[in-house]
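*Asks:* Contents of upload_17.txt (compact mmCIF, C-alpha atoms and all ligand atoms) are given next:
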# COMPACT_ATOMS: atom_id res chain seq x y z
CA MET A 1 -200.28 101.49 87.81
CA ARG A 2 -198.52 103.44 85.08
CA SER A 3 -194.94 104.37 85.93
CA SER A 4 -194.04 108.04 85.68
CA LEU A 5 -190.75 106.98 84.09
CA THR A 6 -192.35 105.29 81.10
CA PRO A 7 -194.15 108.11 79.35
CA LEU A 8 -194.20 106.28 76.00
CA GLY A 9 -196.20 103.12 75.52
CA PRO A 10 -197.73 100.90 78.18
CA PRO A 11 -195.93 100.38 81.50
CA VAL A 12 -193.45 97.52 81.66
CA SER A 13 -194.78 94.33 83.18
CA ARG A 14 -193.84 93.56 86.74
CA ASP A 15 -191.42 90.80 85.76
CA ARG A 16 -189.43 93.24 83.63
CA VAL A 17 -188.67 95.46 86.62
CA ILE A 18 -185.07 94.94 87.77
CA ALA A 19 -184.39 96.52 91.14
CA THR A 20 -181.42 94.48 92.34
CA PHE A 21 -178.49 93.37 90.25
CA PRO A 22 -179.22 89.92 88.74
CA LYS A 23 -176.78 87.19 89.69
CA TRP A 24 -174.54 85.12 87.45
CA TYR A 25 -175.16 81.44 86.59
CA THR A 26 -171.75 80.23 87.69
CA PRO A 27 -168.93 82.27 89.23
CA GLU A 28 -166.47 80.18 87.20
CA ALA A 29 -167.44 81.90 83.95
CA CYS A 30 -169.09 85.23 84.63
CA LEU A 31 -168.51 88.76 83.40
CA GLN A 32 -168.53 90.30 86.85
CA LEU A 33 -169.14 89.14 90.40
CA ARG A 34 -170.79 92.23 91.87
CA GLU A 35 -174.20 91.66 93.42
CA HIS A 36 -175.28 95.29 93.28
CA PHE A 37 -175.38 98.05 90.70
CA HIS A 38 -172.14 99.94 90.33
CA ARG A 39 -172.14 102.82 92.81
CA GLN A 40 -171.93 105.46 90.07
CA VAL A 41 -174.94 103.97 88.33
CA SER A 42 -176.91 103.72 91.58
CA ALA A 43 -176.10 107.32 92.40
CA ALA A 44 -177.21 108.48 88.97
CA CYS A 45 -180.43 106.50 89.23
CA GLN A 46 -181.16 107.97 92.64
CA ARG A 47 -180.65 111.44 91.22
CA ARG A 48 -183.08 110.33 88.51
CA ASN A 49 -180.94 111.77 85.78
CA THR A 50 -183.63 111.09 83.25
CA GLY A 51 -183.69 114.45 81.48
CA THR A 52 -180.62 113.86 79.35
CA VAL A 53 -180.13 110.15 79.67
CA GLY A 54 -177.73 108.08 77.60
CA LEU A 55 -178.77 105.44 75.14
CA ARG A 56 -181.81 103.56 76.40
CA LEU A 57 -181.64 100.62 74.03
CA SER A 58 -179.03 97.94 73.49
CA LYS A 59 -178.68 95.66 70.52
CA VAL A 60 -178.36 91.98 71.30
CA VAL A 61 -177.46 89.48 68.59
CA VAL A 62 -178.10 85.76 69.04
CA VAL A 63 -175.98 83.42 66.90
CA GLY A 64 -175.33 79.68 66.74
CA ASP A 65 -175.92 76.55 64.66
CA LEU A 66 -179.27 75.74 63.16
CA TYR A 67 -181.71 73.90 65.42
CA VAL A 68 -179.90 74.80 68.69
CA GLY A 69 -182.96 76.72 69.90
CA LYS A 70 -182.20 80.43 69.39
CA THR A 71 -185.72 81.31 68.29
CA SER A 72 -187.24 79.16 71.03
CA LEU A 73 -185.15 80.91 73.69
CA ILE A 74 -186.21 84.36 72.49
CA HIS A 75 -189.86 83.36 72.14
CA ARG A 76 -189.93 81.85 75.61
CA PHE A 77 -188.63 85.09 77.05
CA CYS A 78 -190.56 87.61 74.95
CA LYS A 79 -193.86 85.73 74.44
CA ASN A 80 -193.73 83.01 77.08
CA VAL A 81 -194.47 80.32 74.50
CA PHE A 82 -192.72 77.14 73.36
CA ASP A 83 -193.26 75.45 69.99
CA ARG A 84 -192.16 71.82 69.61
CA ASP A 85 -192.14 72.10 65.82
CA TYR A 86 -189.03 73.42 64.13
CA LYS A 87 -189.48 76.41 61.86
CA ALA A 88 -186.13 77.58 60.55
CA THR A 89 -185.47 81.29 60.84
CA ILE A 90 -184.98 82.77 57.39
CA GLY A 91 -182.41 85.55 57.54
CA VAL A 92 -183.19 87.51 60.71
CA ASP A 93 -185.97 88.53 62.99
CA PHE A 94 -186.07 90.78 66.04
CA GLU A 95 -188.02 91.51 69.20
CA ILE A 96 -187.91 94.57 71.43
CA GLU A 97 -188.25 93.87 75.12
CA ARG A 98 -188.78 96.73 77.57
CA PHE A 99 -187.45 96.78 81.12
CA GLU A 100 -187.33 99.17 84.03
CA ILE A 101 -183.86 98.95 85.55
CA ALA A 102 -183.04 100.74 88.80
CA GLY A 103 -186.08 102.90 88.06
CA ILE A 104 -185.08 103.80 84.51
CA PRO A 105 -186.80 102.60 81.32
CA TYR A 106 -184.51 100.49 79.17
CA SER A 107 -184.98 98.19 76.19
CA LEU A 108 -183.21 95.31 74.56
CA GLN A 109 -183.49 94.88 70.81
CA ILE A 110 -182.96 91.14 70.45
CA TRP A 111 -181.90 89.95 66.99
CA ASP A 112 -182.61 86.33 66.17
CA THR A 113 -180.40 85.11 63.33
CA ALA A 114 -180.60 82.05 61.08
CA GLY A 115 -178.23 79.18 61.78
CA GLN A 116 -178.63 77.65 58.32
CA GLU A 117 -175.58 78.18 56.14
CA LYS A 118 -177.60 79.43 53.17
CA PHE A 119 -178.94 82.37 55.20
CA LYS A 120 -175.67 83.26 56.88
CA CYS A 121 -174.77 86.14 54.58
CA ILE A 122 -178.16 87.78 55.19
CA ALA A 123 -177.90 87.35 58.96
CA SER A 124 -174.31 88.55 59.24
CA ALA A 125 -175.32 91.92 57.78
CA TYR A 126 -177.11 92.53 61.09
CA TYR A 127 -174.21 91.78 63.45
CA ARG A 128 -172.90 95.35 63.42
CA GLY A 129 -173.49 97.62 66.42
CA ALA A 130 -174.14 94.83 68.92
CA GLN A 131 -173.60 95.56 72.61
CA VAL A 132 -174.23 91.92 73.45
CA ILE A 133 -173.42 88.76 71.50
CA ILE A 134 -175.12 85.57 72.61
CA THR A 135 -173.57 82.42 71.17
CA ALA A 136 -175.95 79.52 71.64
CA PHE A 137 -175.33 75.78 71.46
CA ASP A 138 -177.35 72.64 72.14
CA LEU A 139 -176.29 70.88 75.36
CA THR A 140 -177.15 67.53 73.74
CA ASP A 141 -174.98 68.11 70.66
CA VAL A 142 -171.35 68.81 71.49
CA GLN A 143 -170.52 69.73 67.89
CA THR A 144 -172.67 72.81 68.22
CA LEU A 145 -170.51 73.87 71.18
CA GLU A 146 -167.38 73.49 69.07
CA HIS A 147 -168.93 75.70 66.38
CA THR A 148 -169.56 78.59 68.78
CA ARG A 149 -165.96 79.82 68.36
CA GLN A 150 -166.59 80.40 64.66
CA TRP A 151 -169.95 82.08 65.29
CA LEU A 152 -168.34 84.41 67.78
CA GLU A 153 -165.46 85.20 65.48
CA ASP A 154 -167.89 86.12 62.69
CA ALA A 155 -169.97 88.33 64.98
CA LEU A 156 -166.93 90.05 66.46
CA ARG A 157 -165.55 90.81 63.01
CA GLU A 158 -168.44 93.23 62.51
CA ASN A 159 -167.93 94.96 65.86
CA GLU A 160 -165.19 96.90 67.60
CA ALA A 161 -162.80 94.79 69.61
CA GLY A 162 -163.76 94.81 73.29
CA SER A 163 -167.05 96.63 72.71
CA CYS A 164 -169.41 93.68 73.29
CA PHE A 165 -170.49 91.58 76.23
CA ILE A 166 -170.29 87.93 75.22
CA PHE A 167 -172.50 85.15 76.55
CA LEU A 168 -172.20 81.43 75.87
CA VAL A 169 -175.55 79.71 76.36
CA GLY A 170 -176.25 75.97 76.47
CA THR A 171 -179.86 75.27 75.44
CA LYS A 172 -182.33 72.38 75.97
CA LYS A 173 -181.28 71.83 79.57
CA ASP A 174 -184.46 69.78 80.10
CA LEU A 175 -183.01 67.02 77.88
CA LEU A 176 -179.89 66.46 79.96
CA SER A 177 -179.27 65.80 83.62
CA GLY A 178 -176.79 64.40 86.09
CA ALA A 179 -173.23 63.56 85.10
CA ALA A 180 -173.87 64.02 81.37
CA CYS A 181 -175.02 67.57 81.95
CA GLU A 182 -172.15 68.34 84.30
CA GLN A 183 -169.62 67.11 81.77
CA VAL A 184 -170.91 69.29 78.94
CA GLU A 185 -171.22 72.27 81.27
CA ALA A 186 -167.61 71.85 82.38
CA GLU A 187 -166.46 71.88 78.75
CA ALA A 188 -168.64 74.90 78.03
CA VAL A 189 -167.34 76.82 81.06
CA HIS A 190 -163.81 76.14 79.90
CA LEU A 191 -164.61 77.53 76.45
CA ALA A 192 -166.51 80.48 77.92
CA LYS A 193 -163.41 81.51 79.86
CA GLU A 194 -161.36 81.40 76.67
CA MET A 195 -163.97 83.51 74.90
CA GLN A 196 -164.18 85.93 77.85
CA ALA A 197 -167.84 85.05 77.93
CA GLU A 198 -170.37 84.46 80.69
CA TYR A 199 -171.85 80.95 80.71
CA TRP A 200 -175.54 79.98 81.18
CA SER A 201 -177.56 76.75 80.78
CA VAL A 202 -181.23 77.29 79.92
CA SER A 203 -184.36 75.50 78.74
CA ALA A 204 -186.87 77.20 76.47
CA LYS A 205 -189.20 74.24 76.98
CA THR A 206 -189.49 74.52 80.77
CA GLY A 207 -188.41 78.17 80.98
CA GLU A 208 -185.61 77.29 83.40
CA ASN A 209 -183.16 80.21 83.77
CA VAL A 210 -184.58 82.07 80.78
CA LYS A 211 -185.83 85.13 82.62
CA ALA A 212 -182.81 85.21 84.93
CA PHE A 213 -180.51 85.05 81.93
CA PHE A 214 -182.10 87.93 80.01
CA SER A 215 -182.34 90.02 83.19
CA ARG A 216 -178.61 89.58 83.61
CA VAL A 217 -178.02 90.56 79.96
CA ALA A 218 -180.22 93.63 80.37
CA ALA A 219 -178.58 94.78 83.63
CA LEU A 220 -175.03 94.45 82.31
CA ALA A 221 -175.89 96.20 79.04
CA PHE A 222 -177.77 98.92 80.95
CA GLU A 223 -174.80 99.75 83.17
CA GLN A 224 -172.46 99.87 80.24
CA SER A 225 -174.71 101.90 77.94
CA GLY A 226 -174.79 105.05 80.02
CA ALA A 227 -178.58 104.87 80.27
CA ALA A 228 -178.32 105.78 83.94
CA GLY A 229 -177.32 109.31 83.04
CA PRO A 230 -174.79 111.59 81.37
CA GLY A 231 -171.19 110.88 82.21
CA GLU A 232 -171.90 107.45 83.63
CA ALA A 233 -170.89 105.61 80.45
CA GLU A 234 -167.46 107.20 80.44
CA GLN A 235 -166.97 106.12 84.01
CA CYS A 236 -168.08 102.58 83.26
CA PRO A 237 -165.38 100.47 81.59
CA ALA A 238 -166.14 99.02 78.16
CA PRO A 239 -166.90 95.29 78.16
CA GLY A 240 -163.34 94.49 77.08
CA ARG A 241 -162.19 96.22 80.27
CA ARG A 242 -164.94 94.99 82.47
CA TRP A 243 -165.23 95.71 86.13
CA ARG A 244 -163.69 92.73 87.76
CA THR A 245 -164.79 92.03 91.27
CA ASN A 246 -162.82 89.63 93.31
CA PRO A 247 -164.74 87.34 95.66
CA SER A 248 -164.18 89.80 98.50
CA GLY A 249 -166.35 92.23 96.56
CA ARG A 250 -163.68 94.79 95.73
CA GLU A 251 -163.99 96.27 92.27
CA SER A 252 -161.13 96.64 89.90
CA THR A 253 -160.77 97.14 86.15
N1 LIG B 301 -186.62 69.85 74.51
C1 LIG B 301 -186.31 71.07 74.07
N2 LIG B 301 -186.41 71.37 72.77
C2 LIG B 301 -186.10 72.61 72.37
C3 LIG B 301 -185.66 73.61 73.28
N3 LIG B 301 -185.41 74.74 72.58
C4 LIG B 301 -185.70 74.45 71.31
N4 LIG B 301 -186.11 73.19 71.16
C5 LIG B 301 -186.54 72.54 69.91
O1 LIG B 301 -185.43 72.55 69.01
C6 LIG B 301 -185.87 72.79 67.68
C7 LIG B 301 -185.12 73.96 67.08
O2 LIG B 301 -185.47 75.15 67.78
P1 LIG B 301 -185.36 76.60 67.12
O3 LIG B 301 -185.57 77.57 68.21
O4 LIG B 301 -186.24 76.73 65.93
O5 LIG B 301 -183.84 76.59 66.62
P2 LIG B 301 -183.01 77.78 65.96
O6 LIG B 301 -181.68 77.80 66.60
O7 LIG B 301 -183.78 79.04 65.99
O8 LIG B 301 -182.85 77.28 64.45
P3 LIG B 301 -182.55 78.19 63.12
O9 LIG B 301 -183.59 79.26 63.06
O10 LIG B 301 -182.64 77.25 61.94
O11 LIG B 301 -181.17 78.73 63.26
C8 LIG B 301 -187.40 73.00 67.76
O12 LIG B 301 -188.06 71.80 67.39
C9 LIG B 301 -187.64 73.31 69.21
O13 LIG B 301 -188.92 72.90 69.67
C10 LIG B 301 -185.58 73.25 74.67
O14 LIG B 301 -185.23 74.04 75.55
N5 LIG B 301 -185.91 71.97 75.00
MG MG B 302 -184.51 80.25 64.54
Turn this file's structure into structure tokens for me.
*Replies:*
Amino acid sequence: MRSSLTPLGPPVSRDRVIATFPKWYTPEACLQLREHFHRQVSAACQRRNTGTVGLRLSKVVVVGDLYVGKTSLIHRFCKNVFDRDYKATIGVDFEIERFEIAGIPYSLQIWDTAGQEKFKCIASAYYRGAQVIITAFDLTDVQTLEHTRQWLEDALRENEAGSCFIFLVGTKKDLLSGAACEQVEAEAVHLAKEMQAEYWSVSAKTGENVKAFFSRVAALAFEQSGAAGPGEAEQCPAPGRRWRTNPSGREST
């Protein structure tokens, strides 16, 4: 059935409908601990403030070393495919993924950048204007985790301080298990806290956590963008001053 809220293009698929706030991966490194939409956003959505809505699209930039699996992660989410063969991204590429969040149409423009050094100057030209920066590393290659600091620094240089949500994502989870996985995750969580990033482990091969991860990205970006209606963005703190919710559920900034 076609949704009345998506007048342009085909309706969003059922698995792109986000009705309840998606949960974090680990509470140790997460951008906020609320399990529901912010009350101002919910109220705006209930009023269906769709006549003069805020921005309905957020730019997401995915960075990280070559071969860590950035393209694979995006393709698993957007096309539900996985390719075992490596085809280096040359420069940049992007996908637009449409959602319906709390009843309101919303899209992510997901930029896939090249990890190879020789393409870095092309890719970095596209960092500007990001609402979300995803720094990816390979869980089986600890050096790629160490390099995420530099990738983040480069991406942040092109954006206003405190204006982006940052995610640190460990890829290829299917290749690691048990104590080895726990050890790398612990290191990554530590780094994520330093970066003020939210941490996720995913597998593009099996699809584990991929949809949950992008739903979380979309919901956080949606709340912050003002897409729920006029005035909501000003009431929602910028990512640098995120809503912090203590475990008791009380919100603070
Ligand atoms: N086992 C496993 N392999 C993966 C996974 N994700 C990616 N790969 C493999 O890792 C290789 C690199 O993946 P890409 O997605 O092309 O890496 P990339 O980060 O986009 O690389 P650049 O475009 O050069 O920056 C490919 O051979 C993929 O099949 C995963 O979750 N599990
Ligand atoms: Mg690629």
*Asks:* Restricting the calculation to all atoms listed in the file, which member of A:Leu176, A:Leu152, A:Leu57, A:Ala192 is positioned closest to ligand LIG 301 (chain B)?
*Replies:*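 Closest to ligand LIG 301 (chain B), using all atoms listed in the file: A:Leu176.
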*Asks:* Given a cut-off of 7 Å, what residues near ligand LIG 301 (chain B) show up using all atoms listed in the file, put as a PyMOL selection string?
*Replies:* chain A and resi 64-73+82-90+113-116+171-175+202-206
*Asks:* Figure out the distance between CA of Lys79 (chain A) and CA of Asp93 (chain A), please, to one decimal in Å.
*Replies:*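 Separating CA of Asp93 (chain A) from CA of Lys79 (chain A) is a distance of 14.2 Å.
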*Asks:* Find the residue from A:Gln143, A:Thr26, A:Ser13, A:Ser225 that sits nearest to His190 (chain A); use only C-alpha atoms when measuring.
*Replies:*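 Closest candidate: A:Thr26.
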*Asks:* Any idea what's packed within 6 Å of Phe137 (chain A), counting all atoms listed in the file, ignoring anything in its chain fewer than 2 positions away? Could you give it as a PDB file with C-alpha atoms, in the frame of the given file?
*Replies:*
ATOM      1  CA  VAL A  68    -179.900  74.800  68.690  1.00  0.00           C
ATOM      2  CA  THR A 144    -172.670  72.810  68.220  1.00  0.00           C
ATOM      3  CA  LEU A 145    -170.510  73.870  71.180  1.00  0.00           C
ATOM      4  CA  GLY A 170    -176.250  75.970  76.470  1.00  0.00           C
TER       5      GLY A 170
END
*Asks:* Between A:His36, A:Arg14, A:Arg128, A:Lys23, which residue has the minimum interatomic distance to Ala161 (chain A), considering all atoms listed in the file?
*Replies:*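 Under the stated criterion, the closest residue is A:Arg128.
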*Asks:* Find, counting only C-alpha atoms, the residue in A:Val81, A:Val63, A:Ala179, A:Ala219 that gets nearest to Ala130 (chain A).
*Replies:*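 Of A:Val81, A:Val63, A:Ala179, A:Ala219, the one nearest Ala130 (chain A) is A:Val63, counting only C-alpha atoms.
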*Asks:* Select, from A:Gln40, A:Ser58, A:Gln183, A:Ser163, the residue with the minimum atom-to-atom distance to Trp111 (chain A), counting all atoms listed in the file.
*Replies:* A:Ser58
*Asks:* Hey, can you check how far atom MG of ligand MG 302 (chain B) sits from CA of Cys181 (chain A)?
*Replies:* 23.5 Å
*Asks:* Using CA of Gln196 (chain A) and CA of Gly162 (chain A) as the two end points, give the distance in Å to one decimal.
*Replies:* 10.0 Å
*Asks:* Please list, as a compact mmCIF listing (two decimals) with C-alpha atoms, in the frame of the given file, the residues that have an atom at most 8 Å away from (-175.5, 90.2, 61.3) in the coordinates of this file, counting only C-alpha atoms.
*Replies:*
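Result went into out.txt, see below:
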# COMPACT_ATOMS: atom_id res chain seq x y z
CA VAL A 61 -177.46 89.48 68.59
CA THR A 113 -180.40 85.11 63.33
CA CYS A 121 -174.77 86.14 54.58
CA ILE A 122 -178.16 87.78 55.19
CA ALA A 123 -177.90 87.35 58.96
CA SER A 124 -174.31 88.55 59.24
CA ALA A 125 -175.32 91.92 57.78
CA TYR A 126 -177.11 92.53 61.09
CA TYR A 127 -174.21 91.78 63.45
CA ARG A 128 -172.90 95.35 63.42
CA ALA A 155 -169.97 88.33 64.98
CA GLU A 158 -168.44 93.23 62.51
*Asks:* Given the choices A:Ile74, A:Ala102, A:Ile134, A:Val12, which gets closest to ligand MG 302 (chain B) if the distance is worked out from all atoms listed in the file?
*Replies:*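 Ranking A:Ile74, A:Ala102, A:Ile134, A:Val12 by distance to ligand MG 302 (chain B), first place goes to A:Ile74.
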